[in-house]
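**Student:** Sharing final_21.txt here; it has compact mmCIF, N, CA and C atoms.
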```txt
# COMPACT_ATOMS: atom_id res chain seq x y z
N MET A 44 9.70 14.04 11.75
CA MET A 44 8.29 13.94 11.53
C MET A 44 7.64 13.64 12.88
N LYS A 45 6.58 14.35 13.21
CA LYS A 45 5.91 14.16 14.48
C LYS A 45 4.55 13.50 14.27
N PHE A 46 4.18 12.67 15.25
CA PHE A 46 2.90 11.97 15.18
C PHE A 46 2.09 12.25 16.43
N ASN A 47 0.78 12.13 16.31
CA ASN A 47 -0.12 12.26 17.44
C ASN A 47 -1.21 11.21 17.26
N ASP A 48 -1.27 10.21 18.13
CA ASP A 48 -2.24 9.12 18.03
C ASP A 48 -2.19 8.44 16.67
N GLY A 49 -1.00 8.26 16.11
CA GLY A 49 -0.85 7.58 14.83
C GLY A 49 -1.04 8.47 13.61
N TYR A 50 -1.33 9.74 13.80
CA TYR A 50 -1.53 10.66 12.68
C TYR A 50 -0.42 11.69 12.65
N TRP A 51 -0.11 12.20 11.45
CA TRP A 51 0.88 13.25 11.34
C TRP A 51 0.35 14.52 11.97
N LEU A 52 1.22 15.25 12.65
CA LEU A 52 0.85 16.57 13.13
C LEU A 52 1.03 17.55 11.97
N LEU A 53 -0.03 18.24 11.63
CA LEU A 53 0.01 19.14 10.48
C LEU A 53 0.16 20.57 10.93
N ARG A 54 0.85 21.35 10.13
CA ARG A 54 1.02 22.77 10.38
C ARG A 54 -0.35 23.44 10.29
N HIS A 55 -0.56 24.48 11.10
CA HIS A 55 -1.82 25.21 11.10
C HIS A 55 -2.12 25.72 9.69
N GLY A 56 -3.35 25.49 9.22
CA GLY A 56 -3.75 25.93 7.89
C GLY A 56 -3.52 24.90 6.80
N VAL A 57 -2.91 23.75 7.16
CA VAL A 57 -2.65 22.69 6.19
C VAL A 57 -3.61 21.54 6.48
N SER A 58 -4.22 21.00 5.45
CA SER A 58 -5.08 19.84 5.64
C SER A 58 -4.52 18.67 4.84
N ALA A 59 -4.78 17.46 5.32
CA ALA A 59 -4.29 16.26 4.66
C ALA A 59 -5.43 15.57 3.92
N SER A 60 -5.11 14.91 2.83
CA SER A 60 -6.07 14.11 2.08
C SER A 60 -5.63 12.65 2.19
N TYR A 61 -6.56 11.79 2.59
CA TYR A 61 -6.26 10.38 2.76
C TYR A 61 -7.06 9.56 1.76
N ALA A 62 -6.45 8.49 1.25
CA ALA A 62 -7.13 7.63 0.28
C ALA A 62 -8.29 6.92 0.95
N LYS A 63 -9.44 6.90 0.27
CA LYS A 63 -10.63 6.21 0.78
C LYS A 63 -10.95 4.97 -0.02
N GLU A 64 -10.73 5.01 -1.35
CA GLU A 64 -11.08 3.87 -2.18
C GLU A 64 -10.24 3.87 -3.45
N ALA A 65 -9.62 2.73 -3.73
CA ALA A 65 -8.86 2.58 -4.97
C ALA A 65 -9.83 2.38 -6.12
N PHE A 66 -9.60 3.07 -7.24
CA PHE A 66 -10.49 2.90 -8.38
C PHE A 66 -9.75 2.42 -9.62
N ALA A 67 -8.44 2.40 -9.58
CA ALA A 67 -7.67 1.91 -10.73
C ALA A 67 -6.37 1.28 -10.22
N VAL A 68 -6.13 0.04 -10.63
CA VAL A 68 -4.89 -0.65 -10.28
C VAL A 68 -4.32 -1.24 -11.55
N GLU A 69 -3.07 -0.90 -11.85
CA GLU A 69 -2.38 -1.42 -13.02
C GLU A 69 -1.13 -2.14 -12.55
N THR A 70 -0.90 -3.34 -13.09
CA THR A 70 0.29 -4.10 -12.71
C THR A 70 1.06 -4.51 -13.96
N SER A 71 2.36 -4.65 -13.80
CA SER A 71 3.20 -5.22 -14.84
C SER A 71 4.13 -6.21 -14.14
N ASP A 72 5.18 -6.63 -14.81
CA ASP A 72 6.07 -7.64 -14.22
C ASP A 72 6.65 -7.22 -12.87
N SER A 73 7.04 -5.96 -12.74
CA SER A 73 7.68 -5.55 -11.49
C SER A 73 7.16 -4.22 -10.96
N THR A 74 5.99 -3.77 -11.42
CA THR A 74 5.44 -2.51 -10.93
C THR A 74 3.96 -2.65 -10.61
N VAL A 75 3.51 -1.81 -9.71
CA VAL A 75 2.08 -1.69 -9.39
C VAL A 75 1.79 -0.20 -9.29
N SER A 76 0.73 0.24 -9.93
CA SER A 76 0.29 1.63 -9.85
C SER A 76 -1.15 1.64 -9.35
N ILE A 77 -1.39 2.37 -8.27
CA ILE A 77 -2.71 2.41 -7.65
C ILE A 77 -3.19 3.85 -7.61
N ALA A 78 -4.38 4.10 -8.13
CA ALA A 78 -5.00 5.42 -8.06
C ALA A 78 -6.18 5.32 -7.09
N ALA A 79 -6.23 6.22 -6.13
CA ALA A 79 -7.28 6.19 -5.11
C ALA A 79 -7.86 7.58 -4.92
N LEU A 80 -9.17 7.62 -4.71
CA LEU A 80 -9.85 8.88 -4.43
C LEU A 80 -9.86 9.15 -2.94
N THR A 81 -10.05 10.40 -2.58
CA THR A 81 -10.10 10.78 -1.18
C THR A 81 -11.52 10.75 -0.64
N ARG A 82 -12.44 10.22 -1.42
CA ARG A 82 -13.81 9.94 -0.95
C ARG A 82 -14.29 8.70 -1.69
N PRO A 83 -15.29 8.00 -1.15
CA PRO A 83 -15.76 6.77 -1.79
C PRO A 83 -16.29 7.01 -3.20
N VAL A 84 -16.09 6.03 -4.08
CA VAL A 84 -16.60 6.10 -5.45
C VAL A 84 -18.10 5.79 -5.39
N GLU A 85 -18.91 6.77 -5.81
CA GLU A 85 -20.37 6.59 -5.79
C GLU A 85 -20.94 6.46 -7.20
N HIS A 86 -20.31 7.10 -8.17
CA HIS A 86 -20.77 7.05 -9.55
C HIS A 86 -19.59 7.38 -10.46
N ARG A 87 -19.80 7.32 -11.77
CA ARG A 87 -18.67 7.48 -12.69
C ARG A 87 -18.05 8.87 -12.66
N GLY A 88 -18.72 9.85 -12.13
CA GLY A 88 -18.15 11.20 -12.03
C GLY A 88 -17.55 11.51 -10.67
N SER A 89 -17.44 10.51 -9.80
CA SER A 89 -16.92 10.73 -8.45
C SER A 89 -15.52 11.31 -8.43
N HIS A 90 -14.75 11.07 -9.48
CA HIS A 90 -13.35 11.53 -9.48
C HIS A 90 -13.22 13.00 -9.90
N LEU A 91 -14.29 13.59 -10.40
CA LEU A 91 -14.21 15.00 -10.82
C LEU A 91 -14.14 15.90 -9.60
N ASN A 92 -13.23 16.85 -9.63
CA ASN A 92 -13.03 17.81 -8.54
C ASN A 92 -12.78 17.14 -7.19
N THR A 93 -12.13 15.98 -7.23
CA THR A 93 -11.78 15.25 -6.01
C THR A 93 -10.29 14.96 -6.05
N PRO A 94 -9.56 15.27 -4.99
CA PRO A 94 -8.13 14.93 -4.98
C PRO A 94 -7.93 13.43 -5.20
N THR A 95 -6.97 13.10 -6.05
CA THR A 95 -6.64 11.71 -6.34
C THR A 95 -5.20 11.45 -5.90
N ILE A 96 -5.00 10.34 -5.22
CA ILE A 96 -3.68 9.95 -4.77
C ILE A 96 -3.22 8.80 -5.65
N THR A 97 -2.04 8.94 -6.25
CA THR A 97 -1.49 7.88 -7.08
C THR A 97 -0.21 7.37 -6.43
N VAL A 98 -0.13 6.07 -6.26
CA VAL A 98 1.04 5.43 -5.67
C VAL A 98 1.64 4.50 -6.72
N ASP A 99 2.91 4.71 -7.03
CA ASP A 99 3.63 3.85 -7.97
C ASP A 99 4.69 3.08 -7.20
N LEU A 100 4.66 1.77 -7.29
CA LEU A 100 5.62 0.92 -6.62
C LEU A 100 6.37 0.12 -7.68
N ALA A 101 7.68 0.05 -7.55
CA ALA A 101 8.46 -0.70 -8.53
C ALA A 101 9.65 -1.36 -7.86
N SER A 102 9.74 -2.65 -8.07
CA SER A 102 10.90 -3.39 -7.57
C SER A 102 10.75 -4.85 -7.94
N PRO A 103 11.81 -5.46 -8.40
CA PRO A 103 11.72 -6.90 -8.62
C PRO A 103 11.74 -7.65 -7.29
N ALA A 104 12.23 -7.02 -6.23
CA ALA A 104 12.23 -7.56 -4.86
C ALA A 104 12.76 -8.99 -4.75
N PRO A 105 13.93 -9.29 -5.32
CA PRO A 105 14.43 -10.66 -5.24
C PRO A 105 14.89 -11.06 -3.84
N ASP A 106 15.17 -10.08 -2.97
CA ASP A 106 15.69 -10.38 -1.64
C ASP A 106 14.61 -10.55 -0.58
N VAL A 107 13.33 -10.39 -0.93
CA VAL A 107 12.25 -10.49 0.06
C VAL A 107 12.05 -11.96 0.43
N VAL A 108 12.09 -12.25 1.73
CA VAL A 108 11.91 -13.63 2.19
C VAL A 108 10.58 -13.82 2.93
N SER A 109 10.00 -12.74 3.42
CA SER A 109 8.76 -12.86 4.18
C SER A 109 7.95 -11.58 4.07
N VAL A 110 6.62 -11.72 3.96
CA VAL A 110 5.71 -10.57 3.85
C VAL A 110 4.62 -10.73 4.89
N ARG A 111 4.27 -9.61 5.54
CA ARG A 111 3.15 -9.59 6.48
C ARG A 111 2.21 -8.49 6.04
N ALA A 112 0.92 -8.84 5.86
CA ALA A 112 -0.07 -7.87 5.40
C ALA A 112 -1.24 -7.83 6.37
N TYR A 113 -1.75 -6.61 6.59
CA TYR A 113 -2.93 -6.40 7.43
C TYR A 113 -4.02 -5.83 6.54
N LEU A 114 -5.19 -6.45 6.54
CA LEU A 114 -6.32 -6.01 5.71
C LEU A 114 -7.48 -5.60 6.61
N ILE A 115 -8.06 -4.43 6.32
CA ILE A 115 -9.25 -3.97 7.04
C ILE A 115 -10.47 -4.79 6.62
N ASP A 116 -10.63 -5.00 5.33
CA ASP A 116 -11.79 -5.69 4.79
C ASP A 116 -11.36 -7.02 4.20
N TRP A 117 -11.80 -8.12 4.79
CA TRP A 117 -11.38 -9.44 4.34
C TRP A 117 -11.88 -9.73 2.94
N ASP A 118 -12.87 -8.99 2.44
CA ASP A 118 -13.33 -9.14 1.06
C ASP A 118 -12.26 -8.71 0.06
N ASP A 119 -11.23 -7.98 0.51
CA ASP A 119 -10.13 -7.56 -0.36
C ASP A 119 -9.06 -8.64 -0.50
N TYR A 120 -9.24 -9.77 0.16
CA TYR A 120 -8.22 -10.82 0.17
C TYR A 120 -7.92 -11.33 -1.24
N GLY A 121 -8.93 -11.54 -2.06
CA GLY A 121 -8.71 -12.01 -3.43
C GLY A 121 -7.90 -11.03 -4.25
N ALA A 122 -8.24 -9.74 -4.17
CA ALA A 122 -7.49 -8.70 -4.89
C ALA A 122 -6.06 -8.63 -4.35
N PHE A 123 -5.90 -8.79 -3.04
CA PHE A 123 -4.56 -8.79 -2.46
C PHE A 123 -3.75 -9.96 -3.01
N ASN A 124 -4.34 -11.14 -3.09
CA ASN A 124 -3.65 -12.32 -3.64
C ASN A 124 -3.21 -12.07 -5.07
N ASP A 125 -4.08 -11.47 -5.89
CA ASP A 125 -3.73 -11.18 -7.29
C ASP A 125 -2.55 -10.21 -7.37
N ALA A 126 -2.59 -9.15 -6.55
CA ALA A 126 -1.50 -8.17 -6.54
C ALA A 126 -0.21 -8.81 -6.02
N TYR A 127 -0.33 -9.66 -5.02
CA TYR A 127 0.83 -10.35 -4.44
C TYR A 127 1.52 -11.22 -5.49
N ALA A 128 0.72 -11.98 -6.24
CA ALA A 128 1.28 -12.85 -7.28
C ALA A 128 1.93 -12.03 -8.39
N ALA A 129 1.35 -10.86 -8.73
CA ALA A 129 1.94 -10.00 -9.76
C ALA A 129 3.23 -9.35 -9.26
N TRP A 130 3.29 -9.03 -7.99
CA TRP A 130 4.45 -8.35 -7.41
C TRP A 130 5.65 -9.28 -7.35
N PHE A 131 5.41 -10.58 -7.11
CA PHE A 131 6.49 -11.57 -7.00
C PHE A 131 6.29 -12.65 -8.06
N PRO A 132 6.55 -12.35 -9.34
CA PRO A 132 6.23 -13.30 -10.41
C PRO A 132 7.13 -14.54 -10.43
N GLU A 133 8.36 -14.44 -9.91
CA GLU A 133 9.29 -15.57 -9.99
C GLU A 133 9.16 -16.53 -8.82
N ARG A 134 8.98 -15.98 -7.62
CA ARG A 134 8.97 -16.80 -6.41
C ARG A 134 8.14 -16.07 -5.35
N LEU A 135 7.20 -16.77 -4.74
CA LEU A 135 6.38 -16.17 -3.70
C LEU A 135 7.05 -16.34 -2.34
N PRO A 136 7.41 -15.23 -1.68
CA PRO A 136 7.96 -15.34 -0.33
C PRO A 136 6.89 -15.86 0.64
N SER A 137 7.32 -16.34 1.79
CA SER A 137 6.34 -16.75 2.80
C SER A 137 5.50 -15.54 3.17
N ARG A 138 4.26 -15.79 3.59
CA ARG A 138 3.34 -14.67 3.82
C ARG A 138 2.44 -14.95 5.00
N THR A 139 2.15 -13.88 5.73
CA THR A 139 1.13 -13.89 6.76
C THR A 139 0.15 -12.79 6.41
N CYS A 140 -1.13 -13.11 6.42
CA CYS A 140 -2.16 -12.11 6.11
C CYS A 140 -3.12 -12.07 7.30
N VAL A 141 -3.31 -10.87 7.88
CA VAL A 141 -4.08 -10.72 9.10
C VAL A 141 -5.23 -9.75 8.87
N GLY A 142 -6.42 -10.11 9.33
CA GLY A 142 -7.54 -9.18 9.31
C GLY A 142 -7.49 -8.32 10.57
N THR A 143 -7.78 -7.03 10.43
CA THR A 143 -7.72 -6.12 11.56
C THR A 143 -8.88 -5.13 11.50
N THR A 144 -9.13 -4.46 12.60
CA THR A 144 -10.26 -3.52 12.65
C THR A 144 -9.85 -2.08 12.41
N GLY A 145 -8.56 -1.80 12.34
CA GLY A 145 -8.16 -0.42 12.09
C GLY A 145 -6.67 -0.30 11.83
N LEU A 146 -6.31 0.65 10.96
CA LEU A 146 -4.91 0.95 10.65
C LEU A 146 -4.71 2.46 10.75
N ALA A 147 -3.47 2.87 10.90
CA ALA A 147 -3.15 4.29 11.02
C ALA A 147 -3.61 5.07 9.79
N VAL A 148 -4.00 6.29 10.00
CA VAL A 148 -4.43 7.26 9.00
C VAL A 148 -5.49 6.73 8.03
N GLY A 149 -6.31 5.79 8.49
CA GLY A 149 -7.39 5.29 7.66
C GLY A 149 -6.98 4.37 6.53
N ALA A 150 -5.77 3.82 6.60
CA ALA A 150 -5.30 2.92 5.53
C ALA A 150 -6.16 1.68 5.45
N LEU A 151 -6.31 1.13 4.25
CA LEU A 151 -7.06 -0.10 4.04
C LEU A 151 -6.17 -1.33 4.11
N VAL A 152 -4.87 -1.15 3.79
CA VAL A 152 -3.90 -2.24 3.78
C VAL A 152 -2.59 -1.71 4.35
N GLU A 153 -1.92 -2.52 5.14
CA GLU A 153 -0.56 -2.21 5.59
C GLU A 153 0.30 -3.44 5.32
N ILE A 154 1.46 -3.22 4.74
CA ILE A 154 2.33 -4.33 4.36
C ILE A 154 3.75 -4.05 4.85
N ASP A 155 4.37 -5.06 5.44
CA ASP A 155 5.80 -4.95 5.72
C ASP A 155 6.46 -6.25 5.28
N TRP A 156 7.76 -6.16 4.99
CA TRP A 156 8.46 -7.36 4.56
C TRP A 156 9.87 -7.39 5.11
N VAL A 157 10.42 -8.60 5.09
CA VAL A 157 11.77 -8.84 5.57
C VAL A 157 12.62 -9.24 4.36
N CYS A 158 13.79 -8.61 4.23
CA CYS A 158 14.70 -8.90 3.12
C CYS A 158 15.97 -9.55 3.65
N TRP A 159 16.60 -10.34 2.80
CA TRP A 159 17.87 -10.97 3.11
C TRP A 159 18.91 -10.46 2.13
N ARG A 160 20.04 -10.01 2.67
CA ARG A 160 21.16 -9.58 1.81
C ARG A 160 22.39 -10.33 2.27
N GLU A 161 22.88 -11.20 1.41
CA GLU A 161 24.00 -12.06 1.76
C GLU A 161 25.26 -11.27 2.12
N ASN A 162 25.49 -10.15 1.41
CA ASN A 162 26.72 -9.39 1.63
C ASN A 162 26.52 -8.19 2.55
N GLY A 163 25.42 -8.13 3.27
CA GLY A 163 25.17 -7.03 4.18
C GLY A 163 24.64 -5.80 3.45
N TRP A 164 24.54 -4.70 4.17
CA TRP A 164 23.97 -3.46 3.62
C TRP A 164 25.09 -2.49 3.29
N ALA A 165 24.94 -1.81 2.16
CA ALA A 165 25.93 -0.81 1.77
C ALA A 165 25.79 0.41 2.68
N ARG A 166 26.89 1.02 3.01
CA ARG A 166 26.88 2.23 3.83
C ARG A 166 27.04 3.44 2.93
N VAL A 167 26.25 4.44 3.21
CA VAL A 167 26.31 5.69 2.42
C VAL A 167 27.00 6.75 3.26
N GLY A 168 27.94 7.48 2.64
CA GLY A 168 28.57 8.61 3.33
C GLY A 168 29.81 8.29 3.99
```
Go ahead and express the file in the form of structure tokens.

**Tutor:**
Amino acid sequence: MKFNDGYWLLRHGVSASYAKEAFAVETSDSTVSIAALTRPVEHRGSHLNTPTITVDLASPAPDVVSVRAYLIDWDDYGAFNDAYAAWFPERLPSRTCVGTTGLAVGALVEIDWVCWRENGWARVG
């Protein structure tokens, strides 16, 4: 995969759609599903004839020991806290949350985490 200034290099004639605003978030014990439009939500019909990006995340994540999150808009901190608590229902790993002025490809949130595996990592192949 090739990048240019933090963006994917696209083949000629191909265009990319990037999420602009989440309009539906569903959580359960170990899953989060986020639906986002590729343009801001202006009215109830904004999703018609607009590409929608759906991201489904699932994991009980028992091995996560630390999480670092970057937020573009600090007003999203409350929603991030709610999602964080839903994602880790049994135990909250240590966390750092940082406000920033920009993320790659127009992302609103970037998250990375550190996991601990007592027996090491399995090798494939």

**Student:** Name all residues at most 6.5 Å from stretch 114-128 of chain A (count only N, CA and C atoms; drop same-chain ones fewer than 3 positions away) and give them as a ChimeraX atom specification.

**Tutor:** /A:131-132,140-145,150-153

**Student:** Which value, in Å to one decimal, gives the distance between atom C of A:Leu135 and atom C of A:Val68?

**Tutor:** 21.0 Å

**Student:** Which is closest to A:Gly149 among A:Val110, A:Ser71, A:Pro83, A:Lys63, if we use all atoms listed in the file?

**Tutor:** A:Lys63

**Student:** Take atom C of A:Gly56 and atom N of A:Asn92 and report the distance between them in Å, one decimal.

**Tutor:**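 Between atom C of A:Gly56 and atom N of A:Asn92 the gap works out to 20.7 Å.
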
**Student:** At a cut-off of 8 Å, using only C-alpha atoms, what residues contact A:Pro94? Leave out same-chain residues fewer than 5 positions from it and give the result as a tab-separated table (two decimals) with N, CA and C atoms, in the frame of the given file.

**Tutor:**
```tsv
chain	number	residue	atom	x	y	z
A	60	SER	N	-5.11	14.91	2.83
A	60	SER	CA	-6.07	14.11	2.08
A	60	SER	C	-5.63	12.65	2.19
A	80	LEU	N	-9.17	7.62	-4.71
A	80	LEU	CA	-9.85	8.88	-4.43
A	80	LEU	C	-9.86	9.15	-2.94
A	81	THR	N	-10.05	10.40	-2.58
A	81	THR	CA	-10.10	10.78	-1.18
A	81	THR	C	-11.52	10.75	-0.64
```

**Student:** Restricting the calculation to only C-alpha atoms, which member of A:Arg134, A:Val75, A:Thr139, A:Ala67 is positioned closest to A:Asp106?

**Tutor:**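 When distances to A:Asp106 are compared using only C-alpha atoms, the smallest one comes from A:Arg134.
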
**Student:** Kindly give the distance, in Å, that separates atom N of A:Asp99 and atom CA of A:Arg54, rounded to a single decimal.

**Tutor:**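 Rounded to one decimal, the two atoms are 25.2 Å apart.
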
**Student:** Quick check for you: according to DSSP on this backbone, which residues of chain A are classed as strand (DSSP E or B)? Reply as a CSV table (one decimal) with N, CA and C atoms, in the frame of the given file.

**Tutor:**
```csv
chain,number,residue,atom,x,y,z
A,46,PHE,N,4.2,12.7,15.2
A,46,PHE,CA,2.9,12.0,15.2
A,46,PHE,C,2.1,12.2,16.4
A,47,ASN,N,0.8,12.1,16.3
A,47,ASN,CA,-0.1,12.3,17.4
A,47,ASN,C,-1.2,11.2,17.3
A,50,TYR,N,-1.3,9.7,13.8
A,50,TYR,CA,-1.5,10.7,12.7
A,50,TYR,C,-0.4,11.7,12.6
A,51,TRP,N,-0.1,12.2,11.4
A,51,TRP,CA,0.9,13.2,11.3
A,51,TRP,C,0.4,14.5,12.0
A,64,GLU,N,-10.7,5.0,-1.4
A,64,GLU,CA,-11.1,3.9,-2.2
A,64,GLU,C,-10.2,3.9,-3.4
A,65,ALA,N,-9.6,2.7,-3.7
A,65,ALA,CA,-8.9,2.6,-5.0
A,65,ALA,C,-9.8,2.4,-6.1
A,66,PHE,N,-9.6,3.1,-7.2
A,66,PHE,CA,-10.5,2.9,-8.4
A,66,PHE,C,-9.8,2.4,-9.6
A,67,ALA,N,-8.4,2.4,-9.6
A,67,ALA,CA,-7.7,1.9,-10.7
A,67,ALA,C,-6.4,1.3,-10.2
A,68,VAL,N,-6.1,0.0,-10.6
A,68,VAL,CA,-4.9,-0.6,-10.3
A,68,VAL,C,-4.3,-1.2,-11.6
A,69,GLU,N,-3.1,-0.9,-11.8
A,69,GLU,CA,-2.4,-1.4,-13.0
A,69,GLU,C,-1.1,-2.1,-12.6
A,70,THR,N,-0.9,-3.3,-13.1
A,70,THR,CA,0.3,-4.1,-12.7
A,70,THR,C,1.1,-4.5,-14.0
A,74,THR,N,6.0,-3.8,-11.4
A,74,THR,CA,5.4,-2.5,-10.9
A,74,THR,C,4.0,-2.6,-10.6
A,75,VAL,N,3.5,-1.8,-9.7
A,75,VAL,CA,2.1,-1.7,-9.4
A,75,VAL,C,1.8,-0.2,-9.3
A,76,SER,N,0.7,0.2,-9.9
A,76,SER,CA,0.3,1.6,-9.8
A,76,SER,C,-1.2,1.6,-9.4
A,77,ILE,N,-1.4,2.4,-8.3
A,77,ILE,CA,-2.7,2.4,-7.6
A,77,ILE,C,-3.2,3.8,-7.6
A,78,ALA,N,-4.4,4.1,-8.1
A,78,ALA,CA,-5.0,5.4,-8.1
A,78,ALA,C,-6.2,5.3,-7.1
A,79,ALA,N,-6.2,6.2,-6.1
A,79,ALA,CA,-7.3,6.2,-5.1
A,79,ALA,C,-7.9,7.6,-4.9
A,80,LEU,N,-9.2,7.6,-4.7
A,80,LEU,CA,-9.8,8.9,-4.4
A,80,LEU,C,-9.9,9.2,-2.9
A,95,THR,N,-7.0,13.1,-6.0
A,95,THR,CA,-6.6,11.7,-6.3
A,95,THR,C,-5.2,11.4,-5.9
A,96,ILE,N,-5.0,10.3,-5.2
A,96,ILE,CA,-3.7,10.0,-4.8
A,96,ILE,C,-3.2,8.8,-5.6
A,97,THR,N,-2.0,8.9,-6.2
A,97,THR,CA,-1.5,7.9,-7.1
A,97,THR,C,-0.2,7.4,-6.4
A,98,VAL,N,-0.1,6.1,-6.3
A,98,VAL,CA,1.0,5.4,-5.7
A,98,VAL,C,1.6,4.5,-6.7
A,99,ASP,N,2.9,4.7,-7.0
A,99,ASP,CA,3.6,3.8,-8.0
A,99,ASP,C,4.7,3.1,-7.2
A,100,LEU,N,4.7,1.8,-7.3
A,100,LEU,CA,5.6,0.9,-6.6
A,100,LEU,C,6.4,0.1,-7.7
A,101,ALA,N,7.7,0.0,-7.6
A,101,ALA,CA,8.5,-0.7,-8.5
A,101,ALA,C,9.6,-1.4,-7.9
A,107,VAL,N,13.3,-10.4,-0.9
A,107,VAL,CA,12.2,-10.5,0.1
A,107,VAL,C,12.0,-12.0,0.4
A,108,VAL,N,12.1,-12.2,1.7
A,108,VAL,CA,11.9,-13.6,2.2
A,108,VAL,C,10.6,-13.8,2.9
A,109,SER,N,10.0,-12.7,3.4
A,109,SER,CA,8.8,-12.9,4.2
A,109,SER,C,8.0,-11.6,4.1
A,110,VAL,N,6.6,-11.7,4.0
A,110,VAL,CA,5.7,-10.6,3.8
A,110,VAL,C,4.6,-10.7,4.9
A,111,ARG,N,4.3,-9.6,5.5
A,111,ARG,CA,3.2,-9.6,6.5
A,111,ARG,C,2.2,-8.5,6.0
A,112,ALA,N,0.9,-8.8,5.9
A,112,ALA,CA,-0.1,-7.9,5.4
A,112,ALA,C,-1.2,-7.8,6.4
A,113,TYR,N,-1.8,-6.6,6.6
A,113,TYR,CA,-2.9,-6.4,7.4
A,113,TYR,C,-4.0,-5.8,6.5
A,114,LEU,N,-5.2,-6.4,6.5
A,114,LEU,CA,-6.3,-6.0,5.7
A,114,LEU,C,-7.5,-5.6,6.6
A,137,SER,N,7.3,-16.3,1.8
A,137,SER,CA,6.3,-16.8,2.8
A,137,SER,C,5.5,-15.5,3.2
A,138,ARG,N,4.3,-15.8,3.6
A,138,ARG,CA,3.3,-14.7,3.8
A,138,ARG,C,2.4,-15.0,5.0
A,139,THR,N,2.2,-13.9,5.7
A,139,THR,CA,1.1,-13.9,6.8
A,139,THR,C,0.2,-12.8,6.4
A,140,CYS,N,-1.1,-13.1,6.4
A,140,CYS,CA,-2.2,-12.1,6.1
A,140,CYS,C,-3.1,-12.1,7.3
A,141,VAL,N,-3.3,-10.9,7.9
A,141,VAL,CA,-4.1,-10.7,9.1
A,141,VAL,C,-5.2,-9.8,8.9
A,142,GLY,N,-6.4,-10.1,9.3
A,142,GLY,CA,-7.5,-9.2,9.3
A,142,GLY,C,-7.5,-8.3,10.6
A,152,VAL,N,-4.9,-1.2,3.8
A,152,VAL,CA,-3.9,-2.2,3.8
A,152,VAL,C,-2.6,-1.7,4.4
A,153,GLU,N,-1.9,-2.5,5.1
A,153,GLU,CA,-0.6,-2.2,5.6
A,153,GLU,C,0.3,-3.4,5.3
A,154,ILE,N,1.5,-3.2,4.7
A,154,ILE,CA,2.3,-4.3,4.4
A,154,ILE,C,3.8,-4.0,4.8
A,155,ASP,N,4.4,-5.1,5.4
A,155,ASP,CA,5.8,-5.0,5.7
A,155,ASP,C,6.5,-6.2,5.3
A,156,TRP,N,7.8,-6.2,5.0
A,156,TRP,CA,8.5,-7.4,4.6
A,156,TRP,C,9.9,-7.4,5.1
A,157,VAL,N,10.4,-8.6,5.1
A,157,VAL,CA,11.8,-8.8,5.6
A,157,VAL,C,12.6,-9.2,4.4
A,158,CYS,N,13.8,-8.6,4.2
A,158,CYS,CA,14.7,-8.9,3.1
A,158,CYS,C,16.0,-9.6,3.6
```

**Student:** Nearest residue to A:Trp156 out of A:Ser109, A:Thr74, A:Ser137, A:Ser58, using all atoms listed in the file?

**Tutor:**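 Smallest separation from A:Trp156 among the options: A:Ser109.
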
**Student:** From the DSSP assignment of the backbone, select every residue of stretch 68-134 of chain A that is alpha helix (DSSP H), and format the answer as a PyMOL selection string.

**Tutor:** chain A and resi 120-130
